[in-house]
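Next comes upload_14.txt, a file with compact mmCIF, C-alpha atoms.
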# COMPACT_ATOMS: atom_id res chain seq x y z
CA MET A 1242 56.32 -17.94 -24.46
CA LEU A 1243 55.24 -14.32 -24.20
CA LYS A 1244 55.05 -13.34 -20.54
CA LYS A 1245 52.19 -11.59 -18.78
CA ARG A 1246 53.35 -8.15 -17.66
CA ILE A 1247 53.12 -6.64 -14.17
CA ILE A 1248 53.03 -2.85 -14.26
CA PRO A 1249 53.29 -0.54 -11.23
CA CYS A 1250 51.73 2.88 -11.82
CA LEU A 1251 53.23 5.99 -10.23
CA ASP A 1252 51.18 9.15 -9.82
CA ILE A 1253 53.31 12.25 -10.20
CA LYS A 1254 52.39 15.70 -8.90
CA ASP A 1255 54.77 18.62 -9.36
CA GLY A 1256 57.58 16.20 -10.09
CA ARG A 1257 57.02 14.06 -6.99
CA THR A 1258 55.24 10.76 -6.47
CA VAL A 1259 52.10 10.94 -4.42
CA LYS A 1260 49.76 8.43 -2.76
CA GLY A 1261 52.11 7.75 0.14
CA ILE A 1262 54.82 5.30 -0.57
CA ASN A 1263 56.37 3.21 2.18
CA PHE A 1264 59.25 1.15 0.97
CA VAL A 1265 61.49 0.65 3.95
CA ASP A 1266 64.79 1.10 2.19
CA ILE A 1267 63.97 4.08 0.03
CA ARG A 1268 65.39 7.27 1.40
CA ASP A 1269 63.16 9.66 -0.49
CA ALA A 1270 59.85 7.99 -1.21
CA GLY A 1271 58.64 11.02 -3.10
CA ASP A 1272 61.39 10.83 -5.66
CA PRO A 1273 59.97 9.13 -8.75
CA ILE A 1274 63.43 8.14 -9.97
CA GLU A 1275 64.33 6.35 -6.73
CA LEU A 1276 61.03 4.51 -6.77
CA ALA A 1277 61.28 3.61 -10.43
CA LYS A 1278 64.75 2.17 -9.91
CA ARG A 1279 63.46 0.12 -7.01
CA TYR A 1280 60.67 -1.31 -9.19
CA VAL A 1281 63.13 -2.16 -11.97
CA GLN A 1282 65.27 -4.04 -9.43
CA ASP A 1283 62.19 -5.85 -8.19
CA GLY A 1284 61.41 -7.15 -11.67
CA ALA A 1285 58.55 -4.89 -12.74
CA ASP A 1286 58.01 -5.41 -16.48
CA GLU A 1287 57.09 -1.84 -17.36
CA LEU A 1288 56.22 1.35 -15.52
CA VAL A 1289 53.49 3.92 -16.02
CA PHE A 1290 53.98 7.51 -14.86
CA LEU A 1291 50.77 9.48 -14.60
CA ASP A 1292 51.16 13.22 -14.20
CA ILE A 1293 48.32 14.53 -12.07
CA THR A 1294 49.72 18.06 -11.70
CA ALA A 1295 46.80 20.47 -11.81
CA THR A 1296 48.55 23.35 -13.56
CA LEU A 1297 47.80 23.79 -17.24
CA GLU A 1298 51.36 24.25 -18.45
CA LYS A 1299 53.11 21.05 -17.56
CA ARG A 1300 54.78 20.01 -20.78
CA LYS A 1301 58.21 21.36 -19.87
CA PRO A 1302 58.48 20.04 -16.28
CA LEU A 1303 57.08 16.70 -17.45
CA ALA A 1304 59.65 16.46 -20.23
CA GLU A 1305 62.44 17.22 -17.76
CA LEU A 1306 61.26 14.46 -15.46
CA VAL A 1307 60.90 12.03 -18.38
CA GLU A 1308 64.48 12.77 -19.41
CA LYS A 1309 65.72 11.91 -15.93
CA ILE A 1310 63.68 8.71 -15.80
CA ALA A 1311 64.91 7.63 -19.23
CA ARG A 1312 68.52 8.12 -18.21
CA GLU A 1313 68.11 5.90 -15.16
CA ILE A 1314 65.86 2.99 -16.03
CA ASN A 1315 66.31 0.20 -18.55
CA ILE A 1316 62.77 -1.10 -19.01
CA PRO A 1317 59.94 0.41 -21.07
CA PHE A 1318 57.81 3.13 -19.56
CA THR A 1319 54.65 5.01 -20.44
CA VAL A 1320 53.91 8.64 -19.67
CA GLY A 1321 50.37 9.92 -19.34
CA GLY A 1322 48.33 12.62 -17.73
CA GLY A 1323 49.82 15.60 -19.51
CA ILE A 1324 49.42 14.53 -23.14
CA ASN A 1325 46.75 16.53 -24.94
CA SER A 1326 48.30 17.22 -28.32
CA LEU A 1327 50.75 15.86 -30.84
CA GLU A 1328 53.26 18.41 -29.52
CA ASP A 1329 52.90 17.05 -25.97
CA ALA A 1330 53.44 13.50 -27.24
CA LYS A 1331 56.46 14.59 -29.25
CA ALA A 1332 58.02 16.27 -26.19
CA ALA A 1333 57.55 13.16 -24.02
CA ILE A 1334 58.84 10.74 -26.66
CA LYS A 1335 61.82 12.92 -27.54
CA ALA A 1336 62.66 13.04 -23.83
CA GLY A 1337 62.78 9.23 -23.83
CA ALA A 1338 59.29 7.90 -23.06
CA ASP A 1339 58.59 4.62 -24.84
CA LYS A 1340 54.85 5.14 -24.91
CA VAL A 1341 52.40 7.91 -24.19
CA SER A 1342 48.88 7.43 -22.93
CA ILE A 1343 45.90 9.65 -23.60
CA ASN A 1344 42.46 9.41 -22.03
CA SER A 1345 39.97 12.30 -22.16
CA SER A 1346 41.77 13.89 -25.09
CA ALA A 1347 41.29 10.69 -27.11
CA VAL A 1348 37.52 11.08 -26.70
CA LYS A 1349 37.54 14.84 -27.30
CA ASN A 1350 39.78 14.58 -30.32
CA PRO A 1351 39.71 11.09 -31.86
CA SER A 1352 42.16 12.05 -34.61
CA LEU A 1353 44.86 12.63 -31.96
CA THR A 1354 45.31 8.86 -31.57
CA THR A 1355 45.86 8.52 -35.31
CA GLU A 1356 48.20 11.51 -35.48
CA ILE A 1357 50.44 10.19 -32.71
CA ALA A 1358 50.39 6.63 -34.11
CA ASN A 1359 51.29 7.87 -37.59
CA GLU A 1360 54.12 9.99 -36.31
CA PHE A 1361 55.70 7.58 -33.81
CA GLY A 1362 54.17 4.18 -34.54
CA SER A 1363 51.14 2.59 -32.92
CA GLN A 1364 53.38 0.70 -30.46
CA CYS A 1365 53.80 3.94 -28.49
CA MET A 1366 50.12 4.93 -28.52
CA VAL A 1367 48.32 3.76 -25.40
CA VAL A 1368 44.69 4.78 -25.03
CA ALA A 1369 43.60 4.79 -21.40
CA ILE A 1370 39.91 4.20 -20.78
CA ASP A 1371 37.97 4.67 -17.55
CA THR A 1372 34.86 2.55 -17.66
CA LYS A 1373 31.94 2.08 -15.32
CA PHE A 1374 29.10 -0.43 -15.14
CA GLU A 1375 25.82 1.39 -14.58
CA ASN A 1376 22.23 0.60 -15.50
CA GLY A 1377 23.22 -2.68 -17.07
CA GLU A 1378 26.03 -1.49 -19.32
CA TRP A 1379 29.68 -0.53 -19.41
CA THR A 1380 30.29 3.02 -20.64
CA VAL A 1381 33.25 5.39 -20.93
CA PHE A 1382 33.91 8.23 -18.48
CA VAL A 1383 36.37 11.11 -18.94
CA GLY A 1384 37.74 13.96 -16.84
CA GLY A 1385 39.24 11.65 -14.24
CA GLY A 1386 36.10 9.54 -14.18
CA LYS A 1387 33.79 12.46 -13.43
CA ILE A 1388 32.15 13.03 -16.80
CA PRO A 1389 29.97 10.36 -18.44
CA THR A 1390 30.24 10.22 -22.23
CA GLY A 1391 27.47 7.70 -22.82
CA ILE A 1392 29.80 5.88 -25.22
CA LYS A 1393 29.61 2.12 -24.87
CA THR A 1394 32.98 0.70 -23.84
CA LEU A 1395 32.97 -2.11 -26.40
CA ASP A 1396 32.22 0.37 -29.21
CA TRP A 1397 34.97 2.71 -28.03
CA VAL A 1398 37.68 0.04 -27.84
CA LYS A 1399 36.91 -1.08 -31.41
CA GLN A 1400 37.11 2.53 -32.53
CA VAL A 1401 40.44 3.26 -30.83
CA GLU A 1402 41.92 0.09 -32.31
CA GLU A 1403 40.89 1.33 -35.77
CA LEU A 1404 42.25 4.79 -34.98
CA GLY A 1405 45.68 3.26 -34.50
CA ALA A 1406 46.10 2.62 -30.78
CA GLY A 1407 48.75 0.01 -30.02
CA GLU A 1408 47.51 -0.88 -26.55
CA ILE A 1409 44.59 -0.18 -24.23
CA LEU A 1410 44.84 0.58 -20.52
CA LEU A 1411 41.41 -0.29 -19.18
CA THR A 1412 40.37 0.80 -15.69
CA SER A 1413 37.16 -0.41 -14.15
CA MET A 1414 35.92 2.45 -11.97
CA ASN A 1415 33.60 0.08 -10.11
CA ASN A 1416 36.59 -1.91 -8.93
CA ASP A 1417 39.24 0.80 -8.61
CA GLY A 1418 40.27 1.26 -4.98
CA THR A 1419 38.11 -1.63 -3.72
CA LYS A 1420 40.89 -4.23 -3.59
CA SER A 1421 38.24 -6.78 -4.50
CA GLY A 1422 39.88 -7.92 -7.72
CA PHE A 1423 39.86 -6.86 -11.36
CA SER A 1424 36.55 -6.72 -13.20
CA LEU A 1425 36.78 -10.01 -15.05
CA ASP A 1426 33.73 -9.51 -17.24
CA ILE A 1427 34.74 -6.25 -18.94
CA MET A 1428 38.42 -7.31 -19.14
CA ASP A 1429 37.31 -10.54 -20.80
CA ALA A 1430 34.88 -8.81 -23.17
CA VAL A 1431 37.35 -6.13 -24.25
CA SER A 1432 40.33 -8.46 -24.66
CA ARG A 1433 38.22 -10.77 -26.84
CA THR A 1434 36.79 -7.89 -28.90
CA ILE A 1435 40.06 -6.32 -30.02
CA ASN A 1436 43.38 -7.74 -31.19
CA ILE A 1437 45.78 -5.28 -29.50
CA PRO A 1438 47.16 -5.80 -25.98
CA VAL A 1439 44.95 -4.85 -23.03
CA ILE A 1440 46.30 -3.77 -19.63
CA ALA A 1441 43.85 -4.53 -16.83
CA SER A 1442 43.58 -1.90 -14.10
CA GLY A 1443 41.46 -1.27 -11.04
CA GLY A 1444 40.79 -3.52 -8.09
CA ALA A 1445 43.99 -5.43 -7.43
CA GLY A 1446 44.16 -6.29 -3.73
CA ALA A 1447 45.57 -9.81 -3.54
CA LYS A 1448 47.91 -12.03 -5.49
CA VAL A 1449 45.06 -14.27 -6.54
CA HIS A 1450 43.45 -11.34 -8.36
CA PHE A 1451 46.35 -11.28 -10.81
CA LYS A 1452 46.09 -15.02 -11.32
CA ASP A 1453 42.35 -14.69 -11.98
CA VAL A 1454 42.64 -11.89 -14.52
CA PHE A 1455 45.37 -13.73 -16.44
CA GLU A 1456 43.61 -17.10 -16.29
CA LYS A 1457 40.08 -15.97 -17.01
CA THR A 1458 40.66 -13.20 -19.56
CA LYS A 1459 42.99 -12.56 -22.50
CA VAL A 1460 44.60 -9.41 -21.04
CA SER A 1461 48.35 -9.04 -21.64
CA ALA A 1462 49.23 -7.10 -18.52
CA ALA A 1463 47.93 -6.00 -15.14
CA LEU A 1464 48.51 -2.64 -13.51
CA ALA A 1465 48.27 -1.57 -9.89
CA ALA A 1466 49.47 1.28 -7.71
CA SER A 1467 48.89 1.29 -3.97
CA ILE A 1468 49.38 -2.43 -3.28
CA PHE A 1469 52.86 -2.14 -4.77
CA HIS A 1470 53.70 1.25 -3.25
CA PHE A 1471 52.67 0.20 0.27
CA GLY A 1472 54.59 -3.02 -0.03
CA GLU A 1473 51.39 -5.02 0.53
CA ILE A 1474 52.30 -7.22 -2.40
CA PRO A 1475 55.98 -6.92 -3.33
CA VAL A 1476 56.53 -7.46 -7.06
CA PRO A 1477 59.04 -10.34 -6.57
CA GLU A 1478 56.61 -12.16 -4.28
CA LEU A 1479 53.80 -11.71 -6.82
CA LYS A 1480 55.98 -13.04 -9.64
CA THR A 1481 57.00 -16.09 -7.61
CA TYR A 1482 53.38 -16.81 -6.78
CA LEU A 1483 52.25 -16.48 -10.41
CA LYS A 1484 55.02 -18.84 -11.54
CA THR A 1485 53.86 -21.51 -9.11
CA GLU A 1486 50.34 -21.02 -10.48
CA ASN A 1487 51.69 -21.61 -14.01
CA ILE A 1488 51.09 -18.07 -15.23
CA PRO A 1489 53.95 -17.18 -17.57
CA VAL A 1490 55.85 -14.25 -16.03
CA ARG A 1491 59.37 -12.99 -16.33
CA MET B 561 83.24 6.41 -30.36
CA ILE B 562 79.91 4.72 -31.06
CA ALA B 563 77.71 6.30 -33.72
CA ILE B 564 73.94 5.96 -33.41
CA ILE B 565 72.36 6.62 -36.78
CA LYS B 566 69.90 9.49 -36.52
CA TYR B 567 66.89 9.16 -38.76
CA ASN B 568 63.14 9.60 -38.68
CA ALA B 569 62.41 6.22 -37.07
CA GLY B 570 64.69 6.35 -34.11
CA ASN B 571 64.26 5.70 -30.43
CA THR B 572 67.72 7.18 -30.29
CA THR B 573 67.32 8.66 -26.79
CA SER B 574 66.84 5.24 -25.18
CA VAL B 575 69.74 3.72 -27.07
CA LYS B 576 72.02 6.64 -26.24
CA ASN B 577 71.08 6.43 -22.55
CA ALA B 578 71.75 2.69 -22.47
CA ILE B 579 75.18 3.04 -24.08
CA GLU B 580 76.12 5.86 -21.72
CA ARG B 581 75.02 3.78 -18.70
CA LEU B 582 77.53 1.17 -19.88
CA GLY B 583 80.24 3.83 -19.84
CA PHE B 584 80.79 4.21 -23.60
CA ASP B 585 80.90 7.48 -25.53
CA CYS B 586 78.37 7.84 -28.28
CA ILE B 587 77.00 10.35 -30.71
CA VAL B 588 73.63 10.51 -32.45
CA THR B 589 74.34 11.56 -36.02
CA ASP B 590 73.34 11.37 -39.66
CA ASP B 591 76.68 12.76 -40.81
CA ASN B 592 78.34 10.31 -43.21
CA GLN B 593 81.86 11.16 -42.08
CA GLN B 594 81.08 10.74 -38.39
CA ILE B 595 79.41 7.40 -39.06
CA ARG B 596 82.35 6.22 -41.17
CA SER B 597 84.91 7.15 -38.54
CA ALA B 598 83.05 5.57 -35.59
CA ASP B 599 84.32 2.33 -34.02
CA LYS B 600 80.88 0.78 -34.07
CA VAL B 601 77.51 1.79 -35.42
CA ILE B 602 74.05 1.30 -33.99
CA PHE B 603 71.07 1.42 -36.33
CA PRO B 604 68.04 1.71 -34.04
CA GLY B 605 64.48 2.05 -35.11
CA VAL B 606 60.92 2.37 -34.07
CA GLY B 607 58.62 3.39 -36.82
CA GLU B 608 57.37 2.58 -40.28
CA ALA B 609 59.51 0.86 -42.92
CA ARG B 610 58.64 2.83 -46.05
CA SER B 611 59.09 6.34 -44.63
CA ALA B 612 62.26 5.21 -42.85
CA MET B 613 63.76 3.84 -46.10
CA ASN B 614 62.81 7.02 -47.98
CA TYR B 615 64.54 9.10 -45.35
CA LEU B 616 67.70 6.95 -45.49
CA ARG B 617 67.81 7.11 -49.33
CA GLU B 618 67.34 10.87 -49.42
CA ARG B 619 70.46 11.27 -47.28
CA GLY B 620 72.56 8.57 -48.90
CA LEU B 621 72.53 6.64 -45.63
CA ASP B 622 71.33 3.47 -47.40
CA GLU B 623 74.53 3.21 -49.44
CA LEU B 624 76.62 4.15 -46.44
CA ILE B 625 75.13 1.49 -44.15
CA ILE B 626 75.66 -1.41 -46.55
CA SER B 627 79.22 -0.29 -47.28
CA LEU B 628 80.30 -0.36 -43.62
CA THR B 629 82.83 -3.01 -42.58
CA LYS B 630 82.87 -2.23 -38.85
CA PRO B 631 80.40 -3.92 -36.46
CA LEU B 632 76.88 -2.59 -36.87
CA LEU B 633 73.88 -3.46 -34.71
CA GLY B 634 70.38 -3.03 -36.10
CA ILE B 635 67.63 -2.90 -33.49
CA CYS B 636 63.93 -3.69 -34.11
CA LEU B 637 63.00 -1.80 -37.29
CA GLY B 638 66.77 -1.56 -37.81
CA GLN B 639 66.90 -5.36 -38.14
CA GLN B 640 63.94 -5.35 -40.53
CA LEU B 641 65.46 -2.62 -42.72
CA LEU B 642 68.63 -4.70 -43.08
CA CYS B 643 66.50 -7.36 -44.83
CA LYS B 644 65.60 -7.57 -48.51
CA THR B 645 61.98 -6.46 -48.51
CA SER B 646 59.24 -5.66 -46.02
CA GLU B 647 55.51 -6.20 -46.36
CA GLU B 648 55.13 -2.95 -44.42
CA GLY B 649 54.34 -0.52 -47.22
CA ASN B 650 55.77 -3.10 -49.71
CA THR B 651 59.19 -1.64 -49.13
CA LYS B 652 62.48 -2.53 -50.75
CA CYS B 653 64.99 -2.51 -47.91
CA LEU B 654 68.80 -2.61 -47.61
CA GLY B 655 69.26 -6.27 -48.56
CA VAL B 656 72.10 -7.20 -46.21
CA PHE B 657 70.07 -10.24 -45.14
CA ASP B 658 68.38 -12.18 -47.93
CA VAL B 659 65.19 -12.33 -45.91
CA GLU B 660 61.62 -11.13 -46.24
CA VAL B 661 59.89 -9.21 -43.48
CA LYS B 662 56.25 -10.23 -43.07
CA LYS B 663 53.27 -9.14 -41.02
CA PHE B 664 52.17 -11.42 -38.19
CA PRO B 665 48.91 -13.20 -38.98
CA ALA B 666 46.17 -11.90 -36.68
CA THR B 667 45.61 -15.24 -34.97
CA ASP B 668 46.79 -13.77 -31.66
CA VAL B 669 47.30 -10.30 -30.22
CA VAL B 670 49.41 -8.08 -32.52
CA PRO B 671 51.82 -6.36 -31.87
CA HIS B 672 53.96 -8.99 -30.17
CA MET B 673 54.53 -6.78 -27.14
CA GLY B 674 56.35 -7.69 -23.96
CA TRP B 675 58.98 -10.02 -22.56
CA ASN B 676 59.79 -13.25 -24.31
CA CYS B 677 62.65 -15.73 -24.32
CA HIS B 678 64.25 -17.74 -27.10
CA ARG B 679 63.61 -21.18 -28.54
CA GLN B 680 67.06 -21.51 -29.83
CA PHE B 681 70.37 -19.75 -29.67
CA ASN B 682 73.44 -19.99 -31.83
CA ASN B 683 76.86 -19.63 -30.40
CA SER B 684 77.22 -15.91 -31.11
CA PRO B 685 79.48 -13.47 -29.27
CA LEU B 686 76.38 -11.27 -28.92
CA PHE B 687 74.93 -13.74 -26.41
CA LYS B 688 78.00 -14.43 -24.31
CA GLY B 689 76.74 -15.03 -20.76
CA VAL B 690 73.09 -14.94 -21.82
CA SER B 691 70.77 -17.94 -21.52
CA LYS B 692 68.03 -18.67 -24.02
CA ASP B 693 65.61 -18.64 -21.09
CA ASP B 694 66.45 -15.01 -20.31
CA ASN B 695 63.64 -12.67 -21.31
CA VAL B 696 64.07 -9.66 -23.54
CA TYR B 697 61.58 -6.97 -24.55
CA PHE B 698 59.87 -7.14 -27.93
CA VAL B 699 57.41 -4.81 -29.61
CA HIS B 700 56.69 -5.42 -33.29
CA SER B 701 53.93 -6.27 -35.75
CA TYR B 702 56.24 -7.50 -38.53
CA TYR B 703 58.80 -10.30 -38.23
CA CYS B 704 61.93 -11.50 -40.02
CA GLU B 705 61.63 -15.03 -41.39
CA LEU B 706 64.07 -17.67 -40.19
CA SER B 707 67.15 -17.96 -42.38
CA GLU B 708 70.75 -19.12 -42.36
CA ASN B 709 71.54 -15.75 -40.75
CA THR B 710 69.31 -16.41 -37.73
CA ILE B 711 71.31 -16.52 -34.50
CA ALA B 712 68.36 -16.51 -32.09
CA GLU B 713 64.90 -17.86 -32.69
CA CYS B 714 61.77 -16.74 -30.86
CA ASP B 715 58.25 -18.13 -31.12
CA TYR B 716 55.17 -15.95 -31.14
CA ILE B 717 52.32 -17.02 -33.43
CA LEU B 718 55.14 -18.58 -35.46
CA PRO B 719 58.92 -18.99 -35.19
CA PHE B 720 60.90 -15.93 -36.32
CA SER B 721 64.38 -14.40 -36.13
CA ALA B 722 64.92 -12.67 -32.80
CA ALA B 723 68.51 -11.96 -33.81
CA MET B 724 70.55 -12.26 -37.00
CA GLN B 725 74.16 -11.96 -38.05
CA LYS B 726 76.06 -11.85 -41.31
CA ASP B 727 79.71 -10.79 -41.32
CA ASN B 728 79.92 -7.47 -39.45
CA PHE B 729 76.16 -6.95 -39.47
CA TYR B 730 74.35 -7.86 -36.23
CA ALA B 731 70.68 -7.30 -35.58
CA THR B 732 68.05 -7.92 -32.91
CA GLN B 733 64.29 -7.77 -33.19
CA PHE B 734 64.05 -7.15 -29.44
CA HIS B 735 65.16 -3.96 -27.73
CA PRO B 736 68.35 -4.61 -25.72
CA GLU B 737 68.22 -1.01 -24.50
CA LYS B 738 64.86 -1.77 -22.82
CA SER B 739 65.59 -5.32 -21.68
CA ALA B 740 66.90 -4.63 -18.16
CA SER B 741 70.20 -6.28 -17.18
CA VAL B 742 70.00 -9.00 -19.87
CA GLY B 743 69.71 -6.35 -22.56
CA GLU B 744 72.62 -4.43 -21.09
CA LEU B 745 74.76 -7.55 -21.26
CA ILE B 746 73.89 -8.08 -24.94
CA LEU B 747 74.65 -4.43 -25.74
CA LYS B 748 77.91 -4.68 -23.81
CA ASN B 749 78.84 -7.82 -25.75
CA PHE B 750 78.30 -5.91 -28.98
CA LEU B 751 80.23 -2.85 -27.81
CA GLU B 752 83.15 -5.05 -26.79
CA LEU B 753 83.32 -7.06 -30.03

Could you express the structure from this file as structure tokens?
Amino acid sequence: MLKKRIIPCLDIKDGRTVKGINFVDIRDAGDPIELAKRYVQDGADELVFLDITATLEKRKPLAELVEKIAREINIPFTVGGGINSLEDAKAAIKAGADKVSINSSAVKNPSLTTEIANEFGSQCMVVAIDTKFENGEWTVFVGGGKIPTGIKTLDWVKQVEELGAGEILLTSMNNDGTKSGFSLDIMDAVSRTINIPVIASGGAGAKVHFKDVFEKTKVSAALAASIFHFGEIPVPELKTYLKTENIPVR
Amino acid sequence: MIAIIKYNAGNTTSVKNAIERLGFDCIVTDDNQQIRSADKVIFPGVGEARSAMNYLRERGLDELIISLTKPLLGICLGQQLLCKTSEEGNTKCLGVFDVEVKKFPATDVVPHMGWNCHRQFNNSPLFKGVSKDDNVYFVHSYYCELSENTIAECDYILPFSAAMQKDNFYATQFHPEKSASVGELILKNFLEL
């Protein structure tokens, strides 16, 4: 049986992980490679590296980091945050990334999704979507969640599937950072609307939240950052719990 | 020396990294002579069948691959291209395996993406020390039908060939290079054949 995936997300700034990591036995918590290796050991199913470096020119340093990550880890990983063109995607994939994710640039330039999918296959094209529930509907936000687009989330996910996306990383801004659980309604609606895998993101704060999102929606994977980084919910403990709750995990 | 065939549908970086982590020397190449003189050949692949086959034909790599007598491992699209035909772009493939490659019916999420284990395993040297309950990483929208060459069977939407073997030709639908320690063991088994 296909397993539900657990995906830690690492924010990278100037080649270092940020958001305060406190694994006891990691010497350099800021080193993304050390952290990634720890997550692989712990049984994480995939990793996402999100480059939040503010400088405009980040293709080269990002590619160098991706090369290092690819040499060290033996599970699939996605790179996002610095991908705004086919050239950026090419650099990350050539360096060894399995998938690239685009967010604002997918809205700005819808053909980019198709271009990357045509060149490297849709399996490597992840479209990340930040969505917010306001005035009775879910819409898409860009620019790190600051800019409303007015596009309805369910319309956008159908469109990106047609454009050639292989997977959708869906973050509920209402839930992100609240630790109150994933937004089950939009995760359910989106995962029933499209036929490509959906990664649920935003709101994980307890083990039961993962159980809920896998039991009550069709999402294929769940992503979280701080609860893993701070050791609040170690990945092995989460996996053991999900197994006892009959959720298929590796 | 291990030769990784370089072509337009390769995730050659990941495969190269995985082989080097296991301590073997390898080279990514499309040079016929280098491929012929290698001890073993890996035929990786992430991409689209028709354009990949066109690329191989233009460089004479199609003839070369089927003429090899040393162990060869096709991975993912590599496995599919070793079959007879693929529904992807209605492509005539290399024909090592007398098998058709078909698109998954859309009755569940496609691609089949993530970790899955096997329904059944044959006694193949590729799986020495591996249990059928061990998970490996898949990502594909097309599948190889079951056949007499099937050495591992997986079930997603329907049963399909997760691994195949005929003579010196080995192939996996999953990505051993991305399948953590289980994948490394399978790759090591191949490299030590």

Measuring between all atoms listed in the file, which one of A:Asp1417, A:Glu1478, A:Asp1339, A:Asp1396 shows the shortest distance to chain B?
A:Asp1339

Need the axis-aligned box for stretch 1396-1411 of chain A with 3 Å each side, so what are the centre and edges in Å to one decimal, as lines of an AutoDock Vina configuration file?
center_x = 40.5
center_y = 1.9
center_z = -27.5
size_x = 22.5
size_y = 11.9
size_z = 22.6

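Shortest atom-to-atom contact with chain B among A:Asn1315, A:Thr1394, A:Gln1400, A:Ser1346: A:Asn1315, counting only C-alpha atoms.
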
Contacts of chain B with chain A up to 6 Å, shortest pair per row, all atoms listed in the file, as a tab-separated table:
residue	atom	partner	partner_atom	distance
B:Thr573	CA	A:Gly1337	CA	5.4
B:Ser574	CA	A:Gly1337	CA	5.9
B:Asn577	CA	A:Arg1312	CA	5.3
B:Gly607	CA	A:Gly1362	CA	5.1
B:Val669	CA	A:Asn1436	CA	4.8
B:Val670	CA	A:Ile1437	CA	5.5
B:Trp675	CA	A:Lys1244	CA	5.5
B:Asn676	CA	A:Leu1243	CA	4.7
B:Lys738	CA	A:Ile1316	CA	4.4
B:Ser739	CA	A:Ile1316	CA	5.7
B:Ala740	CA	A:Asn1315	CA	4.9

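The space separating atom CA of B:Asn695 from atom CA of B:Cys677 comes to 4.4 Å.
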
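For the set B:Leu718, B:Phe729, B:Val690, B:Asp591, the residue with the smallest atom-to-atom gap to B:Ser741 is B:Val690, counting all atoms listed in the file.
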
Please compute the atom CA of B:Cys653-atom CA of B:Lys566 distance, one decimal, in Å.
17.3 Å

With all heavy atoms as the target, complete stretch 1278-1282 of chain A and hand it back as a PDB file, in the coordinates of the input.
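Generated file (out.pdb):
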ATOM      1  N   LYS A1278      63.586   3.052  -9.928  1.00  0.00           N
ATOM      2  CA  LYS A1278      64.750   2.170  -9.910  1.00  0.00           C
ATOM      3  C   LYS A1278      64.494   0.959  -9.030  1.00  0.00           C
ATOM      4  O   LYS A1278      64.892  -0.160  -9.335  1.00  0.00           O
ATOM      5  CB  LYS A1278      65.990   2.928  -9.432  1.00  0.00           C
ATOM      6  CG  LYS A1278      66.557   3.832 -10.520  1.00  0.00           C
ATOM      7  CD  LYS A1278      67.498   4.869  -9.962  1.00  0.00           C
ATOM      8  CE  LYS A1278      68.888   4.355  -9.702  1.00  0.00           C
ATOM      9  NZ  LYS A1278      69.786   5.497  -9.361  1.00  0.00           N
ATOM     10  N   ARG A1279      63.801   1.202  -7.921  1.00  0.00           N
ATOM     11  CA  ARG A1279      63.460   0.120  -7.010  1.00  0.00           C
ATOM     12  C   ARG A1279      62.556  -0.914  -7.730  1.00  0.00           C
ATOM     13  O   ARG A1279      62.753  -2.126  -7.635  1.00  0.00           O
ATOM     14  CB  ARG A1279      62.768   0.698  -5.781  1.00  0.00           C
ATOM     15  CG  ARG A1279      62.056  -0.304  -4.910  1.00  0.00           C
ATOM     16  CD  ARG A1279      63.025  -1.362  -4.378  1.00  0.00           C
ATOM     17  NE  ARG A1279      62.264  -2.384  -3.658  1.00  0.00           N
ATOM     18  CZ  ARG A1279      62.116  -2.390  -2.340  1.00  0.00           C
ATOM     19  NH1 ARG A1279      62.676  -1.452  -1.604  1.00  0.00           N
ATOM     20  NH2 ARG A1279      61.407  -3.343  -1.770  1.00  0.00           N
ATOM     21  N   TYR A1280      61.569  -0.404  -8.472  1.00  0.00           N
ATOM     22  CA  TYR A1280      60.670  -1.310  -9.190  1.00  0.00           C
ATOM     23  C   TYR A1280      61.404  -2.109 -10.276  1.00  0.00           C
ATOM     24  O   TYR A1280      61.102  -3.269 -10.515  1.00  0.00           O
ATOM     25  CB  TYR A1280      59.511  -0.531  -9.807  1.00  0.00           C
ATOM     26  CG  TYR A1280      58.402  -0.223  -8.829  1.00  0.00           C
ATOM     27  CD1 TYR A1280      57.920   1.069  -8.669  1.00  0.00           C
ATOM     28  CD2 TYR A1280      57.842  -1.232  -8.055  1.00  0.00           C
ATOM     29  CE1 TYR A1280      56.908   1.358  -7.770  1.00  0.00           C
ATOM     30  CE2 TYR A1280      56.826  -0.961  -7.144  1.00  0.00           C
ATOM     31  CZ  TYR A1280      56.363   0.334  -7.012  1.00  0.00           C
ATOM     32  OH  TYR A1280      55.364   0.603  -6.122  1.00  0.00           O
ATOM     33  N   VAL A1281      62.353  -1.459 -10.935  1.00  0.00           N
ATOM     34  CA  VAL A1281      63.130  -2.160 -11.970  1.00  0.00           C
ATOM     35  C   VAL A1281      63.886  -3.316 -11.317  1.00  0.00           C
ATOM     36  O   VAL A1281      63.868  -4.445 -11.794  1.00  0.00           O
ATOM     37  CB  VAL A1281      64.104  -1.199 -12.676  1.00  0.00           C
ATOM     38  CG1 VAL A1281      65.040  -1.971 -13.603  1.00  0.00           C
ATOM     39  CG2 VAL A1281      63.338  -0.145 -13.475  1.00  0.00           C
ATOM     40  N   GLN A1282      64.531  -3.017 -10.186  1.00  0.00           N
ATOM     41  CA  GLN A1282      65.270  -4.040  -9.430  1.00  0.00           C
ATOM     42  C   GLN A1282      64.366  -5.195  -9.021  1.00  0.00           C
ATOM     43  O   GLN A1282      64.758  -6.348  -9.030  1.00  0.00           O
ATOM     44  CB  GLN A1282      65.755  -3.392  -8.131  1.00  0.00           C
ATOM     45  CG  GLN A1282      67.235  -3.250  -7.997  1.00  0.00           C
ATOM     46  CD  GLN A1282      67.524  -2.502  -6.696  1.00  0.00           C
ATOM     47  OE1 GLN A1282      66.920  -2.744  -5.648  1.00  0.00           O
ATOM     48  NE2 GLN A1282      68.433  -1.550  -6.776  1.00  0.00           N
TER      49      GLN A1282
END
